[in-house]
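The next block is my_file-v3.txt, given as compact mmCIF, C-alpha atoms.
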```txt
# COMPACT_ATOMS: atom_id res chain seq x y z
CA ASP A 12 41.80 -0.75 3.65
CA SER A 13 38.81 -2.73 4.89
CA GLY A 14 36.22 -0.57 3.15
CA VAL A 15 34.70 0.48 6.49
CA THR A 16 35.03 4.18 7.25
CA GLN A 17 34.75 5.95 10.57
CA THR A 18 34.68 9.65 11.40
CA PRO A 19 36.14 11.50 13.11
CA LYS A 20 39.55 9.87 13.64
CA HIS A 21 40.13 11.74 16.87
CA LEU A 22 37.78 13.54 19.22
CA ILE A 23 38.65 15.48 22.35
CA THR A 24 35.87 16.69 24.59
CA ALA A 25 35.03 17.48 28.19
CA THR A 26 33.16 15.55 30.86
CA GLY A 27 29.40 15.94 30.68
CA GLN A 28 29.39 16.53 26.94
CA ARG A 29 27.74 14.52 24.17
CA VAL A 30 29.42 13.24 20.99
CA THR A 31 28.39 11.31 17.90
CA LEU A 32 30.64 8.81 16.14
CA ARG A 33 29.86 7.82 12.59
CA CYS A 34 30.45 4.60 10.66
CA SER A 35 29.87 3.68 7.03
CA PRO A 36 29.94 -0.08 6.39
CA ARG A 37 31.47 -1.81 3.37
CA SER A 38 29.33 -1.67 0.27
CA GLY A 39 26.74 -4.44 0.46
CA ASP A 40 27.17 -5.15 4.17
CA LEU A 41 23.95 -4.97 6.17
CA SER A 42 25.32 -5.47 9.69
CA VAL A 43 27.19 -2.88 11.71
CA TYR A 44 28.85 -3.62 15.05
CA TRP A 45 30.24 -1.17 17.59
CA TYR A 46 33.13 -2.04 19.90
CA GLN A 47 35.00 -0.20 22.64
CA GLN A 48 38.71 -0.70 23.31
CA SER A 49 39.81 0.79 26.61
CA LEU A 50 43.19 0.26 28.26
CA ASP A 51 41.95 -1.86 31.15
CA GLN A 52 39.04 -3.69 29.53
CA GLY A 53 40.23 -5.08 26.23
CA LEU A 54 37.86 -5.14 23.28
CA GLN A 55 34.20 -4.98 24.34
CA PHE A 56 31.18 -5.56 22.11
CA LEU A 57 28.63 -2.77 22.47
CA ILE A 58 25.82 -3.28 19.97
CA GLN A 59 24.92 -4.69 16.55
CA TYR A 60 22.47 -3.41 13.96
CA TYR A 61 21.25 -5.38 10.96
CA ASN A 62 19.46 -3.63 8.10
CA GLY A 63 18.30 -0.81 10.34
CA GLU A 64 17.16 -2.90 13.30
CA GLU A 65 18.94 -3.55 16.58
CA ARG A 66 20.11 -7.17 16.49
CA ALA A 67 22.21 -7.74 19.62
CA LYS A 68 23.31 -5.81 22.64
CA GLY A 69 26.50 -6.19 24.61
CA ASN A 70 27.95 -4.13 27.43
CA ILE A 71 26.52 -0.83 26.26
CA LEU A 72 25.86 1.78 28.92
CA GLU A 73 22.47 3.49 29.14
CA ARG A 74 24.23 6.80 28.38
CA PHE A 75 25.19 5.36 24.98
CA SER A 76 22.83 4.77 22.09
CA ALA A 77 23.17 3.85 18.45
CA GLN A 78 21.12 3.71 15.31
CA GLN A 79 21.46 2.54 11.73
CA PHE A 80 19.98 4.66 8.98
CA PRO A 81 18.26 3.60 5.72
CA ASP A 82 21.53 4.11 3.82
CA LEU A 83 23.04 1.63 6.34
CA HIS A 84 25.48 4.04 7.94
CA SER A 85 25.44 4.00 11.72
CA GLU A 86 25.97 6.49 14.50
CA LEU A 87 27.00 5.87 18.08
CA ASN A 88 25.89 8.59 20.48
CA LEU A 89 27.73 8.97 23.77
CA SER A 90 26.25 11.36 26.33
CA SER A 91 27.07 12.66 29.81
CA LEU A 92 30.64 11.69 29.08
CA GLU A 93 32.93 10.58 31.89
CA LEU A 94 36.71 10.27 32.03
CA GLY A 95 36.34 6.49 31.83
CA ASP A 96 34.68 6.74 28.43
CA SER A 97 38.02 7.65 26.90
CA ALA A 98 38.74 4.77 24.52
CA LEU A 99 39.14 3.66 20.94
CA TYR A 100 35.75 2.98 19.37
CA PHE A 101 35.66 0.57 16.45
CA CYS A 102 32.92 -0.10 14.01
CA ALA A 103 32.83 -3.31 11.98
CA SER A 104 30.56 -4.58 9.26
CA SER A 105 29.52 -7.93 7.81
CA ASP A 106 27.11 -9.01 5.12
CA GLY A 107 24.94 -11.31 7.24
CA ALA A 108 22.92 -10.99 10.39
CA ASN A 109 24.73 -13.62 12.46
CA GLY A 110 28.28 -12.41 13.00
CA GLY A 111 30.36 -13.99 10.28
CA TRP A 112 33.42 -12.42 8.72
CA GLN A 113 33.68 -8.90 10.10
CA PHE A 114 35.65 -6.03 8.61
CA PHE A 115 36.83 -3.40 11.07
CA GLY A 116 37.09 0.31 10.47
CA PRO A 117 40.11 2.37 11.53
CA GLY A 118 38.48 3.47 14.80
CA THR A 119 37.71 6.78 16.49
CA ARG A 120 39.94 7.78 19.40
CA LEU A 121 37.84 9.57 22.02
CA THR A 122 39.55 11.51 24.78
CA VAL A 123 37.41 12.92 27.59
CA LEU A 124 39.17 15.60 29.67
CA ILE B 28 29.30 -15.17 33.61
CA LEU B 29 30.72 -15.50 30.11
CA ASN B 30 34.50 -15.65 30.01
CA VAL B 31 36.97 -16.14 27.19
CA GLU B 32 40.52 -17.02 28.19
CA GLN B 33 43.56 -17.02 25.94
CA SER B 34 46.98 -18.50 26.59
CA PRO B 35 49.78 -17.83 26.62
CA GLN B 36 49.58 -14.10 27.20
CA SER B 37 52.82 -13.62 25.22
CA LEU B 38 54.93 -15.84 22.99
CA HIS B 39 58.31 -15.53 21.26
CA VAL B 40 58.87 -17.74 18.21
CA GLN B 41 61.83 -18.07 15.86
CA GLU B 42 61.18 -17.10 12.25
CA GLY B 43 60.29 -20.17 10.23
CA ASP B 44 58.98 -22.14 13.19
CA SER B 45 55.35 -23.08 13.57
CA THR B 46 53.34 -22.15 16.62
CA ASN B 47 49.93 -22.39 18.18
CA PHE B 48 47.94 -20.85 21.00
CA THR B 49 44.75 -21.53 22.85
CA CYS B 50 41.35 -19.99 23.41
CA SER B 51 38.86 -21.40 25.91
CA PHE B 52 35.25 -20.30 25.91
CA PRO B 53 31.86 -21.27 27.41
CA SER B 54 30.78 -24.69 26.15
CA SER B 55 27.08 -23.81 26.16
CA ASN B 56 25.02 -21.60 23.82
CA PHE B 57 27.78 -21.63 21.18
CA TYR B 58 27.13 -20.01 17.83
CA ALA B 59 30.53 -19.04 16.39
CA LEU B 60 34.20 -18.68 17.20
CA HIS B 61 36.32 -15.93 15.62
CA TRP B 62 40.07 -15.35 15.50
CA TYR B 63 41.53 -11.94 14.67
CA ARG B 64 45.03 -10.56 14.15
CA TRP B 65 45.61 -7.12 15.58
CA GLU B 66 48.77 -5.24 14.69
CA THR B 67 49.82 -2.18 16.64
CA ALA B 68 48.20 1.03 15.39
CA LYS B 69 45.91 -0.92 13.05
CA SER B 70 42.44 -2.45 13.28
CA PRO B 71 41.62 -6.10 14.04
CA GLU B 72 41.68 -8.28 10.92
CA ALA B 73 39.59 -11.45 10.67
CA LEU B 74 41.59 -14.67 10.24
CA PHE B 75 39.17 -17.47 10.95
CA VAL B 76 35.50 -17.99 11.78
CA MET B 77 33.57 -21.19 12.36
CA THR B 78 29.84 -21.29 13.03
CA LEU B 79 27.56 -23.81 14.71
CA ASN B 80 26.39 -25.19 11.38
CA GLY B 81 29.98 -26.01 10.43
CA ASP B 82 30.57 -23.11 8.05
CA GLU B 83 34.24 -22.22 8.16
CA LYS B 84 36.31 -19.49 6.61
CA LYS B 85 40.04 -18.97 7.03
CA LYS B 86 42.91 -16.90 5.66
CA GLY B 87 46.43 -17.59 4.53
CA ARG B 88 48.83 -19.83 6.57
CA ILE B 89 46.43 -19.79 9.47
CA SER B 90 44.44 -22.83 10.51
CA ALA B 91 42.37 -23.56 13.57
CA THR B 92 40.71 -26.39 15.41
CA LEU B 93 37.50 -26.08 17.35
CA ASN B 94 35.99 -28.21 20.11
CA THR B 95 32.59 -26.79 21.00
CA LYS B 96 31.73 -29.54 23.51
CA GLU B 97 34.72 -28.82 25.71
CA GLY B 98 34.97 -25.14 24.79
CA TYR B 99 38.42 -24.64 23.28
CA SER B 100 40.10 -23.67 20.03
CA TYR B 101 43.72 -23.74 18.86
CA LEU B 102 45.08 -21.32 16.28
CA TYR B 103 48.04 -22.63 14.25
CA ILE B 104 50.53 -20.55 12.29
CA LYS B 105 52.81 -22.51 9.99
CA GLY B 106 56.26 -21.18 9.09
CA SER B 107 56.14 -17.94 11.11
CA GLN B 108 57.15 -14.77 9.28
CA PRO B 109 58.11 -11.39 10.77
CA GLU B 110 54.80 -9.95 9.57
CA ASP B 111 53.00 -12.45 11.85
CA SER B 112 54.11 -10.42 14.87
CA ALA B 113 50.83 -9.15 16.30
CA THR B 114 48.23 -9.75 18.99
CA TYR B 115 45.85 -12.61 18.21
CA LEU B 116 42.33 -12.23 19.59
CA CYS B 117 39.75 -14.92 20.02
CA ALA B 118 36.04 -14.02 20.18
CA PHE B 119 33.15 -16.24 21.23
CA GLN B 120 29.69 -15.51 19.82
CA ASN B 121 26.65 -17.05 21.49
CA ARG B 122 23.22 -17.75 20.00
CA ASP B 123 21.96 -14.38 21.25
CA ASP B 124 24.67 -12.84 19.04
CA LYS B 125 26.53 -11.51 22.06
CA ILE B 126 30.29 -11.41 21.34
CA ILE B 127 32.96 -11.82 24.03
CA PHE B 128 36.65 -11.24 23.30
CA GLY B 129 39.63 -12.72 25.07
CA LYS B 130 42.53 -10.49 26.07
CA GLY B 131 44.74 -11.86 23.32
CA THR B 132 48.07 -13.61 22.80
CA ARG B 133 50.95 -11.30 21.89
CA LEU B 134 53.16 -13.05 19.32
CA HIS B 135 56.74 -11.89 18.68
CA ILE B 136 58.60 -13.41 15.73
CA LEU B 137 62.38 -13.41 16.27
CA PRO B 138 64.58 -13.03 13.15
```
Kindly present the structure from the file in structure tokens form.
Amino acid sequence: DSGVTQTPKHLITATGQRVTLRCSPRSGDLSVYWYQQSLDQGLQFLIQYYNGEERAKGNILERFSAQQFPDLHSELNLSSLELGDSALYFCASSDGANGGWQFFGPGTRLTVL
Amino acid sequence: ILNVEQSPQSLHVQEGDSTNFTCSFPSSNFYALHWYRWETAKSPEALFVMTLNGDEKKKGRISATLNTKEGYSYLYIKGSQPEDSATYLCAFQNRDDKIIFGKGTRLHILP
């Protein structure tokens, strides 16, 4: 158990819908990272937040957005969902701002039908 | 274009043997290099990280070398055990904190 929690574990929805994935980092960690694992793309970095502020952006689509709240939990919002958004979404946390040792959560499996 | 390449794609090693595999990454704008172990149906687990300022952290029987000028890293596993069977991912982090993963090396330990 890494100490990072993600909810829900599984999510099934339809194209065009909007969903929110939630992540709680390890106690004391200020950075949260979001990653997408799809079958054909491997693990892709989406976005990083540090202490409530956006720190770095990867290959995140404009239909996706994220935020980190004062209690340091983070939410990833996915809208106008397409079939290709079906993937495993991981959240990770670390104590510092610049990458470092990251602890991954168990992931949320999103299926778009 | 940022690209991280790992080789081999797959590797079979006898239990007790030592092994290593390669990650190549862009040689410019380096900030950190990460190695992860990823077992089926689990989450990636950090094994090794080395940053530009030389900070290094590693875990267990794993060791790694890093050449930032030529853009490559080797991950070494000494005395392979069955529990080492997993996919090993390399991730390059640049100074803009963008992180790029390779596609991994799938390691199979043969009893």
Requested in this report: Check the smallest atom-to-atom distance from each of B:Ser107, B:Asn47, B:Asn56, B:Ser70 to Ser13 in chain A using only C-alpha atoms, then report the winner.
Outcome: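 Distance minimum relative to Ser13 in chain A lands on B:Ser70.
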Query raised in the report: Which neighbours of Tyr115 in chain B fall inside 8 Å, counting only C-alpha atoms, when residues of the same chain fewer than 2 positions from it are skipped, and could you give them as number ranges by chain?
Result: B: 62-65, 113, 117, 131-134
Query raised in the report: Once you count all atoms listed in the file, which residues of chain A turn out to be within 10 Å of chain B? Could you give them as a PyMOL selection string?
Result: chain A and resi 12-13+46+52-59+66-70+101-103+108-118
Query raised in the report: Which residues, written as a PyMOL selection string, have at least one atom at most 7 Å from Glu42 in chain B, with only C-alpha atoms counted and residues fewer than 5 positions away on the same chain left out?
Result: chain B and resi 107-109+136-138
Convert the current residue selection to file output with C-alpha atoms, as a PDB file, in the frame of the given file.
```pdb
ATOM      1  CA  SER B 107      56.140 -17.940  11.110  1.00  0.00           C
ATOM      2  CA  GLN B 108      57.150 -14.770   9.280  1.00  0.00           C
ATOM      3  CA  PRO B 109      58.110 -11.390  10.770  1.00  0.00           C
ATOM      4  CA  ILE B 136      58.600 -13.410  15.730  1.00  0.00           C
ATOM      5  CA  LEU B 137      62.380 -13.410  16.270  1.00  0.00           C
ATOM      6  CA  PRO B 138      64.580 -13.030  13.150  1.00  0.00           C
TER       7      PRO B 138
END
```
Requested in this report: For Tyr103 in chain B, work out the shell of residues within 6 Å, counting all atoms listed in the file and skipping chain neighbours fewer than 6 positions away, then give it as a list in words.
Outcome: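 Listed by chain and then number, they are Thr46, Asn47, Ile89, Ser90 and Ala91 of chain B.
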Query raised in the report: Looking at A:Pro36, A:Gly27, A:Gly63, A:Gly107, which one is nearest to Gly95 in chain A, with distances taken over only C-alpha atoms?
Result: A:Gly27
Query raised in the report: Any idea what the distance is between CA of Leu102 in chain B and CA of His135 in chain B?
Result: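 Computed distance, CA of Leu102 in chain B to CA of His135 in chain B, equals 15.2 Å.
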What box, with edges along x, y and z, holds each listed atom of range 51-54 of chain B when 4 Å is added on every side, and can you state its centre and edge lengths in Å to one decimal, as JSON?
```
{"center_x": 34.8, "center_y": -22.5, "center_z": 26.7, "size_x": 16.1, "size_y": 12.4, "size_z": 9.5}
```
**Report entry** Neighbours of point (27.3, -7.0, 1.1) within 9 Å, using all atoms listed in the file, written as a list of chain:residue names
**Finding:** A:Arg37, A:Ser38, A:Gly39, A:Asp40, A:Leu41, A:Ser42, A:Ser105, A:Asp106, A:Gly107
Just C-alpha atoms for this one: save the residues we selected as an mmCIF file, in the coordinates of the input.
```cif
data_model
loop_
_atom_site.group_PDB
_atom_site.id
_atom_site.type_symbol
_atom_site.label_atom_id
_atom_site.label_comp_id
_atom_site.auth_asym_id
_atom_site.auth_seq_id
_atom_site.Cartn_x
_atom_site.Cartn_y
_atom_site.Cartn_z
ATOM 1 C CA ARG A 37 31.470 -1.810 3.370
ATOM 2 C CA SER A 38 29.330 -1.670 0.270
ATOM 3 C CA GLY A 39 26.740 -4.440 0.460
ATOM 4 C CA ASP A 40 27.170 -5.150 4.170
ATOM 5 C CA LEU A 41 23.950 -4.970 6.170
ATOM 6 C CA SER A 42 25.320 -5.470 9.690
ATOM 7 C CA SER A 105 29.520 -7.930 7.810
ATOM 8 C CA ASP A 106 27.110 -9.010 5.120
ATOM 9 C CA GLY A 107 24.940 -11.310 7.240
#
```
Query - Point-to-point distance in Å for CA of Gln47 in chain A and CA of Gly98 in chain B - result: 25.0 Å
Since the input has fewer atoms than a full residue there, write range 106-124 of chain A out with N, CA, C and O atoms, as a JSON list (two decimals), in the coordinates of the input.
```json
[["chain", "number", "residue", "atom", "x", "y", "z"],
["A", 106, "ASP", "N", 28.25, -8.98, 6.04],
["A", 106, "ASP", "CA", 27.11, -9.01, 5.12],
["A", 106, "ASP", "C", 25.88, -9.64, 5.75],
["A", 106, "ASP", "O", 24.75, -9.27, 5.44],
["A", 107, "GLY", "N", 26.07, -10.59, 6.68],
["A", 107, "GLY", "CA", 24.94, -11.31, 7.24],
["A", 107, "GLY", "C", 24.48, -10.76, 8.57],
["A", 107, "GLY", "O", 25.05, -9.81, 9.11],
["A", 108, "ALA", "N", 23.49, -11.41, 9.11],
["A", 108, "ALA", "CA", 22.92, -10.99, 10.39],
["A", 108, "ALA", "C", 23.63, -11.64, 11.57],
["A", 108, "ALA", "O", 23.67, -11.09, 12.67],
["A", 109, "ASN", "N", 24.20, -12.83, 11.33],
["A", 109, "ASN", "CA", 24.73, -13.62, 12.46],
["A", 109, "ASN", "C", 26.24, -13.60, 12.51],
["A", 109, "ASN", "O", 26.89, -14.59, 12.26],
["A", 110, "GLY", "N", 26.83, -12.47, 12.88],
["A", 110, "GLY", "CA", 28.28, -12.41, 13.00],
["A", 110, "GLY", "C", 28.95, -12.65, 11.68],
["A", 110, "GLY", "O", 28.74, -11.91, 10.74],
["A", 111, "GLY", "N", 29.68, -13.74, 11.54],
["A", 111, "GLY", "CA", 30.36, -13.99, 10.28],
["A", 111, "GLY", "C", 31.63, -13.16, 10.17],
["A", 111, "GLY", "O", 32.11, -12.59, 11.14],
["A", 112, "TRP", "N", 32.15, -13.11, 8.97],
["A", 112, "TRP", "CA", 33.42, -12.42, 8.72],
["A", 112, "TRP", "C", 33.20, -10.92, 8.86],
["A", 112, "TRP", "O", 32.50, -10.32, 8.08],
["A", 113, "GLN", "N", 33.87, -10.31, 9.84],
["A", 113, "GLN", "CA", 33.68, -8.90, 10.10],
["A", 113, "GLN", "C", 34.89, -8.10, 9.63],
["A", 113, "GLN", "O", 36.03, -8.50, 9.82],
["A", 114, "PHE", "N", 34.62, -6.95, 9.06],
["A", 114, "PHE", "CA", 35.65, -6.03, 8.61],
["A", 114, "PHE", "C", 35.61, -4.80, 9.52],
["A", 114, "PHE", "O", 34.56, -4.18, 9.66],
["A", 115, "PHE", "N", 36.77, -4.50, 10.12],
["A", 115, "PHE", "CA", 36.83, -3.40, 11.07],
["A", 115, "PHE", "C", 37.25, -2.10, 10.40],
["A", 115, "PHE", "O", 38.10, -2.09, 9.51],
["A", 116, "GLY", "N", 36.66, -1.01, 10.88],
["A", 116, "GLY", "CA", 37.09, 0.31, 10.47],
["A", 116, "GLY", "C", 38.33, 0.73, 11.24],
["A", 116, "GLY", "O", 38.80, 0.00, 12.12],
["A", 117, "PRO", "N", 38.87, 1.92, 10.92],
["A", 117, "PRO", "CA", 40.11, 2.37, 11.53],
["A", 117, "PRO", "C", 39.95, 2.85, 12.97],
["A", 117, "PRO", "O", 40.94, 3.04, 13.67],
["A", 118, "GLY", "N", 38.72, 3.06, 13.42],
["A", 118, "GLY", "CA", 38.48, 3.47, 14.80],
["A", 118, "GLY", "C", 38.41, 4.98, 14.97],
["A", 118, "GLY", "O", 38.92, 5.74, 14.15],
["A", 119, "THR", "N", 37.73, 5.38, 16.05],
["A", 119, "THR", "CA", 37.71, 6.78, 16.49],
["A", 119, "THR", "C", 38.29, 6.81, 17.90],
["A", 119, "THR", "O", 37.83, 6.09, 18.79],
["A", 120, "ARG", "N", 39.31, 7.63, 18.08],
["A", 120, "ARG", "CA", 39.94, 7.78, 19.40],
["A", 120, "ARG", "C", 39.23, 8.91, 20.13],
["A", 120, "ARG", "O", 39.30, 10.06, 19.71],
["A", 121, "LEU", "N", 38.55, 8.58, 21.22],
["A", 121, "LEU", "CA", 37.84, 9.57, 22.02],
["A", 121, "LEU", "C", 38.63, 9.84, 23.30],
["A", 121, "LEU", "O", 38.98, 8.90, 24.03],
["A", 122, "THR", "N", 38.89, 11.10, 23.54],
["A", 122, "THR", "CA", 39.55, 11.51, 24.78],
["A", 122, "THR", "C", 38.61, 12.44, 25.52],
["A", 122, "THR", "O", 38.18, 13.46, 24.97],
["A", 123, "VAL", "N", 38.29, 12.09, 26.76],
["A", 123, "VAL", "CA", 37.41, 12.92, 27.59],
["A", 123, "VAL", "C", 38.29, 13.55, 28.68],
["A", 123, "VAL", "O", 38.94, 12.83, 29.44],
["A", 124, "LEU", "N", 38.31, 14.87, 28.71],
["A", 124, "LEU", "CA", 39.17, 15.60, 29.67],
["A", 124, "LEU", "C", 38.35, 16.15, 30.83],
["A", 124, "LEU", "O", 37.16, 16.42, 30.68]]
```
